[in-house]
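To be precise, the following lines are upload-v3.cif, and they hold mmCIF, C-alpha atoms and all ligand atoms.
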```cif
data_structure
#
loop_
_atom_site.group_PDB
_atom_site.id
_atom_site.type_symbol
_atom_site.label_atom_id
_atom_site.label_comp_id
_atom_site.auth_asym_id
_atom_site.auth_seq_id
_atom_site.Cartn_x
_atom_site.Cartn_y
_atom_site.Cartn_z
ATOM 1 C CA MET A 1421 236.392 -66.071 134.734
ATOM 2 C CA LYS A 1422 238.070 -63.932 132.071
ATOM 3 C CA ASN A 1423 236.152 -62.551 129.077
ATOM 4 C CA ILE A 1424 236.368 -65.065 126.226
ATOM 5 C CA LEU A 1425 236.173 -62.267 123.645
ATOM 6 C CA ASN A 1426 239.651 -61.225 124.814
ATOM 7 C CA ALA A 1427 241.111 -64.728 124.711
ATOM 8 C CA PRO A 1428 244.278 -64.883 122.589
ATOM 9 C CA PHE A 1429 242.914 -67.847 120.600
ATOM 10 C CA VAL A 1430 239.733 -65.885 119.689
ATOM 11 C CA GLU A 1431 241.951 -62.936 118.690
ATOM 12 C CA GLU A 1432 244.054 -65.221 116.490
ATOM 13 C CA MET A 1433 240.959 -66.604 114.750
ATOM 14 C CA LYS A 1434 239.618 -63.077 114.174
ATOM 15 C CA LYS A 1435 242.898 -61.810 112.753
ATOM 16 C CA THR A 1436 243.526 -64.828 110.564
ATOM 17 C CA CYS A 1437 240.025 -64.856 109.065
ATOM 18 C CA ALA A 1438 240.299 -61.108 108.411
ATOM 19 C CA ASN A 1439 243.671 -61.538 106.712
ATOM 20 C CA MET A 1440 242.464 -64.410 104.559
ATOM 21 C CA TYR A 1441 239.419 -62.400 103.519
ATOM 22 C CA ARG A 1442 241.548 -59.317 102.809
ATOM 23 C CA LEU A 1443 243.799 -61.385 100.536
ATOM 24 C CA GLY A 1444 240.779 -62.579 98.563
ATOM 25 C CA TRP A 1445 241.267 -66.221 99.495
ATOM 26 C CA ASP A 1446 237.905 -66.696 101.218
ATOM 27 C CA GLU A 1447 234.959 -65.320 99.325
ATOM 28 C CA ARG A 1448 231.472 -65.696 100.803
ATOM 29 C CA ASN A 1449 231.509 -68.743 103.133
ATOM 30 C CA GLY A 1450 234.674 -70.160 101.533
ATOM 31 C CA GLY A 1451 237.318 -71.540 103.851
ATOM 32 C CA ASN A 1452 237.387 -72.919 107.368
ATOM 33 C CA ILE A 1453 239.795 -73.161 110.292
ATOM 34 C CA SER A 1454 240.047 -75.510 113.246
ATOM 35 C CA TYR A 1455 242.448 -74.838 116.112
ATOM 36 C CA LEU A 1456 243.184 -77.327 118.882
ATOM 37 C CA LEU A 1457 243.185 -75.459 122.194
ATOM 38 C CA LYS A 1458 244.950 -76.173 125.472
ATOM 39 C CA LYS A 1459 242.379 -77.216 128.087
ATOM 40 C CA GLU A 1460 243.975 -75.145 130.864
ATOM 41 C CA GLU A 1461 243.801 -72.081 128.656
ATOM 42 C CA VAL A 1462 240.122 -72.618 127.793
ATOM 43 C CA GLU A 1463 239.287 -73.093 131.490
ATOM 44 C CA GLU A 1464 240.445 -69.523 132.185
ATOM 45 C CA TYR A 1465 237.570 -68.319 129.998
ATOM 46 C CA LEU A 1466 234.821 -70.950 130.089
ATOM 47 C CA ASP A 1467 233.173 -73.333 132.528
ATOM 48 C CA THR A 1468 233.972 -76.449 130.515
ATOM 49 C CA THR A 1469 231.393 -78.513 132.457
ATOM 50 C CA ASN A 1470 228.670 -76.374 130.890
ATOM 51 C CA VAL A 1471 227.707 -77.972 127.564
ATOM 52 C CA LEU A 1472 225.346 -75.678 125.618
ATOM 53 C CA ARG A 1473 224.326 -78.217 122.972
ATOM 54 C CA THR A 1474 225.501 -81.506 121.545
ATOM 55 C CA ILE A 1475 225.861 -81.882 117.784
ATOM 56 C CA PRO A 1476 226.538 -85.212 116.024
ATOM 57 C CA THR A 1477 229.591 -85.093 113.726
ATOM 58 C CA GLY A 1478 228.764 -88.135 111.577
ATOM 59 C CA PHE A 1479 232.205 -89.719 111.866
ATOM 60 C CA ASP A 1480 234.478 -91.310 114.413
ATOM 61 C CA ALA A 1481 237.094 -89.095 116.059
ATOM 62 C CA THR A 1482 237.928 -91.433 118.949
ATOM 63 C CA ALA A 1483 241.575 -90.332 118.843
ATOM 64 C CA LEU A 1484 240.423 -86.813 119.810
ATOM 65 C CA ILE A 1485 238.024 -87.626 122.679
ATOM 66 C CA GLY A 1486 238.075 -84.810 125.243
ATOM 67 C CA GLU A 1487 239.998 -82.440 122.948
ATOM 68 C CA ILE A 1488 238.707 -78.889 122.551
ATOM 69 C CA PHE A 1489 238.767 -76.960 119.258
ATOM 70 C CA ILE A 1490 237.721 -73.531 118.112
ATOM 71 C CA VAL A 1491 236.161 -73.953 114.662
ATOM 72 C CA THR A 1492 234.621 -71.622 112.067
ATOM 73 C CA GLY A 1493 230.877 -72.077 111.512
ATOM 74 C CA THR A 1494 229.139 -73.588 108.512
ATOM 75 C CA GLY A 1495 227.784 -71.034 106.042
ATOM 76 C CA LYS A 1496 229.586 -68.252 107.891
ATOM 77 C CA TYR A 1497 231.694 -65.612 106.137
ATOM 78 C CA PHE A 1498 235.343 -65.003 107.118
ATOM 79 C CA LYS A 1499 234.568 -61.327 106.427
ATOM 80 C CA ASN A 1500 232.249 -61.266 109.469
ATOM 81 C CA VAL A 1501 234.273 -63.201 112.068
ATOM 82 C CA ALA A 1502 236.035 -60.204 113.635
ATOM 83 C CA GLU A 1503 232.854 -58.218 114.219
ATOM 84 C CA ASP A 1504 230.832 -61.131 115.635
ATOM 85 C CA PRO A 1505 233.029 -64.027 116.755
ATOM 86 C CA GLU A 1506 230.338 -65.573 118.963
ATOM 87 C CA THR A 1507 228.034 -66.188 115.987
ATOM 88 C CA ASN A 1508 230.671 -67.127 113.417
ATOM 89 C CA LEU A 1509 232.903 -69.328 115.589
ATOM 90 C CA GLY A 1510 232.274 -72.134 118.058
ATOM 91 C CA ILE A 1511 234.284 -73.907 120.732
ATOM 92 C CA LEU A 1512 233.561 -77.616 120.858
ATOM 93 C CA ARG A 1513 234.821 -80.679 122.656
ATOM 94 C CA ILE A 1514 234.792 -84.186 121.212
ATOM 95 C CA ALA A 1515 232.513 -86.198 123.520
ATOM 96 C CA GLN A 1516 233.299 -89.578 125.058
ATOM 97 C CA ASP A 1517 231.504 -91.408 122.204
ATOM 98 C CA GLY A 1518 233.965 -89.884 119.680
ATOM 99 C CA THR A 1519 231.132 -88.948 117.308
ATOM 100 C CA THR A 1520 229.479 -86.018 119.074
ATOM 101 C CA ALA A 1521 230.620 -82.436 119.431
ATOM 102 C CA GLU A 1522 229.809 -80.742 122.752
ATOM 103 C CA LEU A 1523 229.338 -77.032 122.145
ATOM 104 C CA LEU A 1524 230.938 -74.948 124.916
ATOM 105 C CA TRP A 1525 230.651 -71.511 123.315
ATOM 106 C CA GLY A 1526 229.587 -69.799 120.079
ATOM 107 C CA TYR A 1527 227.384 -70.590 117.060
ATOM 108 C CA LYS A 1528 225.068 -68.192 118.875
ATOM 109 C CA ASP A 1529 222.409 -68.159 116.148
ATOM 110 C CA GLY A 1530 221.884 -71.924 116.463
ATOM 111 C CA GLY A 1531 224.491 -72.717 113.816
ATOM 112 C CA LYS A 1532 227.104 -75.432 113.781
ATOM 113 C CA PHE A 1533 230.691 -76.234 112.784
ATOM 114 C CA THR A 1534 231.986 -76.126 109.203
ATOM 115 C CA SER A 1535 230.767 -78.767 106.765
ATOM 116 C CA GLU A 1536 234.436 -79.688 106.368
ATOM 117 C CA LEU A 1537 234.785 -80.871 109.982
ATOM 118 C CA PRO A 1538 235.527 -84.463 108.831
ATOM 119 C CA ALA A 1539 238.532 -83.300 106.761
ATOM 120 C CA HIS A 1540 239.684 -81.089 109.635
ATOM 121 C CA LEU A 1541 239.478 -83.601 112.471
ATOM 122 C CA MET A 1542 240.802 -86.480 110.368
ATOM 123 C CA SER A 1543 243.708 -84.226 109.345
ATOM 124 C CA HIS A 1544 244.383 -83.320 112.988
ATOM 125 C CA ILE A 1545 244.518 -87.034 113.821
ATOM 126 C CA ALA A 1546 246.889 -87.736 110.919
ATOM 127 C CA ARG A 1547 249.204 -84.778 111.548
ATOM 128 C CA ARG A 1548 249.450 -85.406 115.286
ATOM 129 C CA LYS A 1549 250.830 -88.875 114.542
ATOM 130 C CA VAL A 1550 253.658 -87.211 112.616
ATOM 131 C CA ASP A 1551 253.949 -84.090 114.788
ATOM 132 C CA PRO A 1552 252.328 -84.192 118.261
ATOM 133 C CA GLU A 1553 252.587 -80.393 118.372
ATOM 134 C CA ASN A 1554 250.270 -79.851 115.407
ATOM 135 C CA ARG A 1555 247.338 -77.598 116.387
ATOM 136 C CA VAL A 1556 245.974 -75.859 113.310
ATOM 137 C CA VAL A 1557 244.199 -77.050 110.167
ATOM 138 C CA MET A 1558 243.211 -74.397 107.635
ATOM 139 C CA HIS A 1559 241.291 -74.579 104.382
ATOM 140 C CA SER A 1560 241.110 -71.789 101.839
ATOM 141 C CA HIS A 1561 240.502 -70.912 98.167
ATOM 142 C CA PRO A 1562 243.584 -68.802 97.305
ATOM 143 C CA THR A 1563 243.140 -67.263 93.868
ATOM 144 C CA TYR A 1564 246.394 -68.064 92.071
ATOM 145 C CA THR A 1565 246.717 -71.535 93.580
ATOM 146 C CA LEU A 1566 243.262 -72.260 92.250
ATOM 147 C CA ALA A 1567 244.054 -70.709 88.857
ATOM 148 C CA MET A 1568 247.162 -72.883 88.615
ATOM 149 C CA ASN A 1569 244.976 -75.973 89.113
ATOM 150 C CA TYR A 1570 243.394 -75.323 85.706
ATOM 151 C CA VAL A 1571 246.582 -74.992 83.691
ATOM 152 C CA HIS A 1572 249.095 -77.222 85.470
ATOM 153 C CA GLU A 1573 249.098 -80.994 85.763
ATOM 154 C CA LEU A 1574 247.626 -82.133 89.083
ATOM 155 C CA ASP A 1575 250.583 -84.378 89.843
ATOM 156 C CA GLU A 1576 252.155 -83.795 93.247
ATOM 157 C CA LYS A 1577 255.763 -84.154 92.129
ATOM 158 C CA LYS A 1578 255.307 -81.856 89.130
ATOM 159 C CA PHE A 1579 253.099 -79.397 91.051
ATOM 160 C CA THR A 1580 255.537 -79.151 93.955
ATOM 161 C CA HIS A 1581 258.524 -78.845 91.611
ATOM 162 C CA THR A 1582 256.912 -75.958 89.723
ATOM 163 C CA LEU A 1583 256.124 -74.155 93.002
ATOM 164 C CA TRP A 1584 259.673 -74.697 94.289
ATOM 165 C CA GLU A 1585 260.988 -73.104 91.057
ATOM 166 C CA MET A 1586 258.892 -69.955 91.516
ATOM 167 C CA CYS A 1587 260.470 -68.466 94.666
ATOM 168 C CA THR A 1588 263.868 -69.194 96.156
ATOM 169 C CA GLU A 1589 262.467 -69.809 99.636
ATOM 170 C CA CYS A 1590 259.765 -72.304 98.639
ATOM 171 C CA ILE A 1591 261.853 -75.444 99.114
ATOM 172 C CA VAL A 1592 262.892 -74.168 102.541
ATOM 173 C CA VAL A 1593 259.334 -73.282 103.636
ATOM 174 C CA PHE A 1594 257.679 -76.488 102.402
ATOM 175 C CA PRO A 1595 260.486 -79.018 101.829
ATOM 176 C CA ASP A 1596 257.932 -81.794 102.379
ATOM 177 C CA GLY A 1597 256.124 -80.636 99.222
ATOM 178 C CA VAL A 1598 252.453 -80.342 98.394
ATOM 179 C CA GLY A 1599 250.083 -83.300 98.205
ATOM 180 C CA VAL A 1600 247.461 -83.155 95.484
ATOM 181 C CA LEU A 1601 243.978 -84.679 95.385
ATOM 182 C CA PRO A 1602 241.874 -84.807 92.223
ATOM 183 C CA TRP A 1603 238.527 -83.005 92.190
ATOM 184 C CA MET A 1604 236.307 -84.664 94.785
ATOM 185 C CA LEU A 1605 232.950 -83.877 96.355
ATOM 186 C CA CYS A 1606 233.594 -81.607 99.335
ATOM 187 C CA GLY A 1607 231.925 -81.755 102.746
ATOM 188 C CA THR A 1608 232.065 -85.582 102.797
ATOM 189 C CA ASN A 1609 233.800 -88.156 104.946
ATOM 190 C CA SER A 1610 235.528 -89.530 101.794
ATOM 191 C CA ILE A 1611 237.319 -86.273 101.006
ATOM 192 C CA GLY A 1612 238.166 -86.111 104.717
ATOM 193 C CA GLU A 1613 239.734 -89.559 104.630
ATOM 194 C CA ALA A 1614 241.656 -88.787 101.417
ATOM 195 C CA THR A 1615 242.935 -85.498 102.879
ATOM 196 C CA ALA A 1616 244.021 -87.146 106.119
ATOM 197 C CA LYS A 1617 245.899 -89.848 104.173
ATOM 198 C CA LYS A 1618 247.856 -87.119 102.355
ATOM 199 C CA MET A 1619 248.432 -85.315 105.659
ATOM 200 C CA GLU A 1620 250.481 -88.295 106.862
ATOM 201 C CA GLU A 1621 253.054 -87.137 104.309
ATOM 202 C CA PHE A 1622 252.388 -83.433 103.652
ATOM 203 C CA ARG A 1623 251.450 -80.288 105.606
ATOM 204 C CA LEU A 1624 249.859 -78.903 102.442
ATOM 205 C CA VAL A 1625 247.215 -80.632 100.357
ATOM 206 C CA VAL A 1626 245.655 -79.173 97.222
ATOM 207 C CA TRP A 1627 242.037 -80.090 96.593
ATOM 208 C CA GLY A 1628 241.906 -80.158 92.789
ATOM 209 C CA MET A 1629 239.988 -77.180 91.393
ATOM 210 C CA HIS A 1630 238.733 -76.270 94.856
ATOM 211 C CA GLY A 1631 241.467 -74.948 97.148
ATOM 212 C CA ILE A 1632 244.093 -75.952 99.631
ATOM 213 C CA TYR A 1633 244.525 -77.388 103.130
ATOM 214 C CA GLY A 1634 247.384 -76.481 105.414
ATOM 215 C CA ALA A 1635 248.385 -77.858 108.808
ATOM 216 C CA GLY A 1636 250.858 -76.617 111.376
ATOM 217 C CA LYS A 1637 251.837 -76.045 114.995
ATOM 218 C CA THR A 1638 250.691 -72.443 115.048
ATOM 219 C CA MET A 1639 248.342 -70.150 113.173
ATOM 220 C CA ASP A 1640 251.327 -68.225 111.760
ATOM 221 C CA GLU A 1641 253.092 -71.346 110.533
ATOM 222 C CA THR A 1642 249.951 -72.665 108.835
ATOM 223 C CA PHE A 1643 248.995 -69.322 107.313
ATOM 224 C CA GLY A 1644 252.599 -68.848 106.150
ATOM 225 C CA LEU A 1645 252.589 -72.211 104.373
ATOM 226 C CA ILE A 1646 249.489 -71.369 102.354
ATOM 227 C CA GLU A 1647 250.719 -67.816 101.789
ATOM 228 C CA THR A 1648 254.015 -69.077 100.348
ATOM 229 C CA VAL A 1649 252.300 -71.549 98.005
ATOM 230 C CA GLU A 1650 249.957 -68.769 96.901
ATOM 231 C CA LYS A 1651 252.870 -66.415 96.211
ATOM 232 C CA ALA A 1652 254.627 -69.068 94.133
ATOM 233 C CA ALA A 1653 251.392 -69.832 92.261
ATOM 234 C CA GLN A 1654 251.023 -66.122 91.548
ATOM 235 C CA ILE A 1655 254.508 -65.941 90.027
ATOM 236 C CA TYR A 1656 253.671 -69.031 87.987
ATOM 237 C CA MET A 1657 250.431 -67.529 86.694
ATOM 238 C CA LEU A 1658 252.203 -64.251 85.853
ATOM 239 C CA THR A 1659 254.870 -66.046 83.846
ATOM 240 C CA ALA A 1660 253.440 -69.354 82.559
ATOM 241 C CA HIS A 1661 252.371 -67.839 79.226
ATOM 242 C CA LEU A 1662 255.706 -66.061 78.681
ATOM 243 C CA PRO A 1663 258.960 -67.540 77.377
ATOM 244 C CA ARG A 1664 260.973 -68.810 80.360
ATOM 245 C CA VAL A 1665 264.464 -67.311 80.207
ATOM 246 C CA ASN A 1666 265.708 -68.135 83.702
ATOM 247 C CA THR A 1667 264.880 -70.666 86.336
ATOM 248 C CA ILE A 1668 266.058 -71.937 89.712
ATOM 249 C CA LYS A 1669 267.906 -75.144 88.904
ATOM 250 C CA ASP A 1670 267.412 -78.382 90.822
ATOM 251 C CA SER A 1671 271.069 -78.269 91.880
ATOM 252 C CA GLU A 1672 270.399 -74.826 93.395
ATOM 253 C CA MET A 1673 267.367 -76.149 95.259
ATOM 254 C CA VAL A 1674 269.597 -78.843 96.752
ATOM 255 C CA GLU A 1675 272.059 -76.110 97.780
ATOM 256 C CA LEU A 1676 269.234 -74.195 99.488
ATOM 257 C CA ALA A 1677 267.792 -77.220 101.275
ATOM 258 C CA GLU A 1678 271.208 -78.274 102.501
ATOM 259 C CA PHE A 1679 272.272 -74.790 103.595
ATOM 260 C CA PHE A 1680 269.055 -74.346 105.615
ATOM 261 C CA GLY A 1681 269.210 -77.920 106.877
ATOM 262 C CA VAL A 1682 265.697 -78.982 105.840
ATOM 263 C CA LYS A 1683 264.608 -82.523 105.106
ATOM 264 C CA TYR A 1684 263.266 -82.272 101.579
ATOM 265 C CA ARG A 1685 261.587 -84.577 99.084
ATOM 266 C CA LYS A 1686 264.615 -85.537 96.979
ATOM 267 C CA ASP A 1687 262.301 -87.632 94.792
ATOM 268 C CA PHE A 1688 260.477 -84.440 93.790
ATOM 269 C CA LEU A 1689 263.638 -83.109 92.143
ATOM 270 C CA ASN A 1690 265.084 -84.288 88.834
ATOM 271 C CA LEU A 1691 268.632 -84.991 89.924
HETATM 272 O O1 LIG B 1701 233.136 -73.965 104.048
HETATM 273 O O2 LIG B 1701 235.212 -73.886 101.697
HETATM 274 O O3 LIG B 1701 234.952 -76.470 101.181
HETATM 275 C C1 LIG B 1701 233.127 -73.642 102.715
HETATM 276 C C2 LIG B 1701 234.167 -74.403 101.994
HETATM 277 C C3 LIG B 1701 233.867 -75.801 101.678
HETATM 278 ZN ZN ZN B 1702 236.328 -74.931 100.235
#
```
Can the structure in the file be given as C-alpha cells, please?
Amino acid sequence: MKNILNAPFVEEMKKTCANMYRLGWDERNGGNISYLLKKEEVEEYLDTTNVLRTIPTGFDATALIGEIFIVTGTGKYFKNVAEDPETNLGILRIAQDGTTAELLWGYKDGGKFTSELPAHLMSHIARRKVDPENRVVMHSHPTYTLAMNYVHELDEKKFTHTLWEMCTECIVVFPDGVGVLPWMLCGTNSIGEATAKKMEEFRLVVWGMHGIYGAGKTMDETFGLIETVEKAAQIYMLTAHLPRVNTIKDSEMVELAEFFGVKYRKDFLNL
C-alpha cells in the first residue's frame, strides 16, 4: 500500500487550501472543498474495506452511494491543511443507506466533515447530471466578490453582466454565468437544496453576503472559475465609485464568445 500522504489528491487538497488561504479568501474556518475520487486510485493508498467510523449526514445522497470523497473538516482552518492533512481532511464513502458517511481516513482528532456537506453533495448530484465528469465542489469567501454583494444588485443577470464587463476573458471563462442566492442560513439542508437547484444551470453560485460556490471537473478548473470571478469583482470594486469612461460592449462580448466558441447566456446580454 502506498503512503496516502503522498497521494496526488491529498497534494491537490493541500495546495488548493494553501492558495485559497494565501489569497485571503478563507479566513479562520471559512471555506470547504469536496473532491470525488476514483475508487481504483484510492485503493492504491487505503484498504477501503476498513471503515474507521460511521457518521450520519442528515440528508439523502442515494445518487452517490458507494462514491468516495475527500472533504475538508468542520471547524478546520485552510491555513493548517498542508501541515496536518490527516486532522484537517477526511476521506469518506457514502454508505448503502445513502445517509451515512463511512470514514476511511482522516479527521484524526475525532472531527467530521464540513457543516456544508449537504450543499456539497447535493451540488455534486446536480452537476453530474449536467456533466458526468464533474468532480470538485468548492466554497469560499473571496474578499472582492463578497464586497460586491453589498453594493451591487443580487440579480443573476445583472451580476453576471457586470462581471463579464470587468475583464475581457470573463465571458469565455464562465459563459454560463453566475447564479445568485439571497442571504440564507448556511450549514442547512435548505441552502444545500437551493444551491443544487442553481447548479443545474450554473457552475458558479453566489451565496448572498456570504461567499461563492464553484463546481468543475478538476481542482484547477474550479479554482480558476472562482479566481476569475474574484478578479472581475476586484476590478469592479476598484472602479465602481469612479466615473466609467470605457466599457466592454455587449456586441464585443458576443464577438468574444463566438470567436472562442463558447455556449453563453445570450439572455444575460442586452442585445
Ligand atoms: O465551513 O464557510 O459556510 C465554514 C463555512 C460555512
Ligand atoms: Zn462559508
For this session: Please evaluate the PyMOL selection byres (((not hetatm)) within 9 of (chain B and resi 1701)) against the structure above and give the resulting residues as a list in words.
Result: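 Those residues are Asp1446, Glu1447, Arg1448, Asn1449, Gly1450, Gly1451, Asn1452, Thr1492, Gly1493, Thr1494, Gly1495, Lys1496, Tyr1497, Thr1534, Ser1535, Glu1536, His1559, Ser1560, His1561, Cys1606, Gly1607, His1630 and Gly1631 of chain A.
Nearest-residue note for ligand ZN 1702 (chain B): choosing from A:Gly1444, A:Pro1562, A:Gly1486, A:Gly1478, the minimum distance belongs to A:Pro1562, counting only C-alpha atoms and all ligand atoms.
Counting only C-alpha atoms, the residue from A:Pro1476, A:Gly1612, A:Pro1428, A:Gly1644 that sits nearest to Ala1521 of chain A is A:Pro1476.
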For this session: Take the PyMOL selection byres (((chain A and resi 1580) around 9) and not hetatm), apply it to the structure above, and return the hits as a PyMOL selection string.
Result: chain A and resi 1575-1579+1581-1585+1591+1597-1599+1688
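A straight line drawn from atom CA of Leu1472 of chain A to atom CA of Asn1508 of chain A is 15.8 Å long.
For the file shown, the residue list from the PyMOL selection byres (((chain A and resi 1546-1552) around 8) and not hetatm) reads Met1542, Ser1543, His1544, Ile1545, Glu1553, Asn1554, Ala1616, Lys1617, Met1619, Glu1620, Arg1623 and Ala1635 of chain A.
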For this session: Can you work out which one of A:Ile1475, A:Leu1691, A:Val1462, A:Ile1453 has the shortest atom-to-atom distance to ligand ZN 1702 (chain B), counting all atoms listed in the file?
Result: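 That would be A:Ile1453, the residue with the smallest distance to ligand ZN 1702 (chain B).
Distances from A:Leu1676, A:Met1421, A:Val1625, A:Leu1537 to Phe1479 of chain A were compared using only C-alpha atoms, and the smallest one belongs to A:Leu1537.
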Problem set entry | Selected residue, from A:Glu1613, A:Lys1459, A:Trp1445, A:Leu1541, that lies nearest to ligand ZN 1702 (chain B) when counting all atoms listed in the file | A:Trp1445
Please return segment 1585-1601 of chain A, rebuilt to N, CA, C and O atoms, as a PDB file, in the coordinates of the input.
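Result written to result.pdb:
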```
ATOM      1  N   GLU A1585     260.232 -73.901  92.041  1.00  0.00           N
ATOM      2  CA  GLU A1585     260.988 -73.104  91.057  1.00  0.00           C
ATOM      3  C   GLU A1585     260.608 -71.629  91.075  1.00  0.00           C
ATOM      4  O   GLU A1585     261.335 -70.808  90.526  1.00  0.00           O
ATOM      5  N   MET A1586     259.440 -71.306  91.663  1.00  0.00           N
ATOM      6  CA  MET A1586     258.892 -69.955  91.516  1.00  0.00           C
ATOM      7  C   MET A1586     259.415 -68.942  92.523  1.00  0.00           C
ATOM      8  O   MET A1586     259.351 -67.749  92.276  1.00  0.00           O
ATOM      9  N   CYS A1587     259.875 -69.380  93.681  1.00  0.00           N
ATOM     10  CA  CYS A1587     260.470 -68.466  94.666  1.00  0.00           C
ATOM     11  C   CYS A1587     261.603 -69.224  95.343  1.00  0.00           C
ATOM     12  O   CYS A1587     261.434 -70.399  95.693  1.00  0.00           O
ATOM     13  N   THR A1588     262.691 -68.547  95.563  1.00  0.00           N
ATOM     14  CA  THR A1588     263.868 -69.194  96.156  1.00  0.00           C
ATOM     15  C   THR A1588     263.540 -69.876  97.478  1.00  0.00           C
ATOM     16  O   THR A1588     264.038 -70.957  97.765  1.00  0.00           O
ATOM     17  N   GLU A1589     262.681 -69.268  98.290  1.00  0.00           N
ATOM     18  CA  GLU A1589     262.467 -69.809  99.636  1.00  0.00           C
ATOM     19  C   GLU A1589     261.474 -70.973  99.713  1.00  0.00           C
ATOM     20  O   GLU A1589     261.328 -71.584 100.768  1.00  0.00           O
ATOM     21  N   CYS A1590     260.818 -71.272  98.587  1.00  0.00           N
ATOM     22  CA  CYS A1590     259.765 -72.304  98.639  1.00  0.00           C
ATOM     23  C   CYS A1590     260.264 -73.646  99.165  1.00  0.00           C
ATOM     24  O   CYS A1590     259.640 -74.243 100.039  1.00  0.00           O
ATOM     25  N   ILE A1591     261.390 -74.114  98.674  1.00  0.00           N
ATOM     26  CA  ILE A1591     261.853 -75.444  99.114  1.00  0.00           C
ATOM     27  C   ILE A1591     262.234 -75.442 100.598  1.00  0.00           C
ATOM     28  O   ILE A1591     262.170 -76.470 101.264  1.00  0.00           O
ATOM     29  N   VAL A1592     262.555 -74.269 101.117  1.00  0.00           N
ATOM     30  CA  VAL A1592     262.892 -74.168 102.541  1.00  0.00           C
ATOM     31  C   VAL A1592     261.611 -74.115 103.388  1.00  0.00           C
ATOM     32  O   VAL A1592     261.539 -74.698 104.461  1.00  0.00           O
ATOM     33  N   VAL A1593     260.590 -73.430 102.886  1.00  0.00           N
ATOM     34  CA  VAL A1593     259.334 -73.282 103.636  1.00  0.00           C
ATOM     35  C   VAL A1593     258.514 -74.586 103.618  1.00  0.00           C
ATOM     36  O   VAL A1593     257.984 -75.000 104.634  1.00  0.00           O
ATOM     37  N   PHE A1594     258.422 -75.208 102.447  1.00  0.00           N
ATOM     38  CA  PHE A1594     257.679 -76.488 102.402  1.00  0.00           C
ATOM     39  C   PHE A1594     258.519 -77.573 101.711  1.00  0.00           C
ATOM     40  O   PHE A1594     258.191 -78.070 100.641  1.00  0.00           O
ATOM     41  N   PRO A1595     259.593 -77.986 102.399  1.00  0.00           N
ATOM     42  CA  PRO A1595     260.486 -79.018 101.829  1.00  0.00           C
ATOM     43  C   PRO A1595     259.782 -80.360 101.672  1.00  0.00           C
ATOM     44  O   PRO A1595     260.189 -81.179 100.857  1.00  0.00           O
ATOM     45  N   ASP A1596     258.714 -80.554 102.464  1.00  0.00           N
ATOM     46  CA  ASP A1596     257.932 -81.794 102.379  1.00  0.00           C
ATOM     47  C   ASP A1596     256.997 -81.796 101.165  1.00  0.00           C
ATOM     48  O   ASP A1596     256.354 -82.806 100.897  1.00  0.00           O
ATOM     49  N   GLY A1597     256.913 -80.681 100.446  1.00  0.00           N
ATOM     50  CA  GLY A1597     256.124 -80.636  99.222  1.00  0.00           C
ATOM     51  C   GLY A1597     254.638 -80.432  99.453  1.00  0.00           C
ATOM     52  O   GLY A1597     254.187 -80.179 100.574  1.00  0.00           O
ATOM     53  N   VAL A1598     253.896 -80.561  98.365  1.00  0.00           N
ATOM     54  CA  VAL A1598     252.453 -80.342  98.394  1.00  0.00           C
ATOM     55  C   VAL A1598     251.767 -81.609  97.869  1.00  0.00           C
ATOM     56  O   VAL A1598     252.059 -82.058  96.761  1.00  0.00           O
ATOM     57  N   GLY A1599     250.877 -82.159  98.661  1.00  0.00           N
ATOM     58  CA  GLY A1599     250.083 -83.300  98.205  1.00  0.00           C
ATOM     59  C   GLY A1599     248.957 -82.787  97.318  1.00  0.00           C
ATOM     60  O   GLY A1599     248.509 -81.651  97.473  1.00  0.00           O
ATOM     61  N   VAL A1600     248.520 -83.603  96.384  1.00  0.00           N
ATOM     62  CA  VAL A1600     247.461 -83.155  95.484  1.00  0.00           C
ATOM     63  C   VAL A1600     246.369 -84.224  95.393  1.00  0.00           C
ATOM     64  O   VAL A1600     246.658 -85.397  95.148  1.00  0.00           O
ATOM     65  N   LEU A1601     245.128 -83.794  95.595  1.00  0.00           N
ATOM     66  CA  LEU A1601     243.978 -84.679  95.385  1.00  0.00           C
ATOM     67  C   LEU A1601     243.265 -84.249  94.112  1.00  0.00           C
ATOM     68  O   LEU A1601     243.240 -83.058  93.784  1.00  0.00           O
TER      69      LEU A1601
END
```
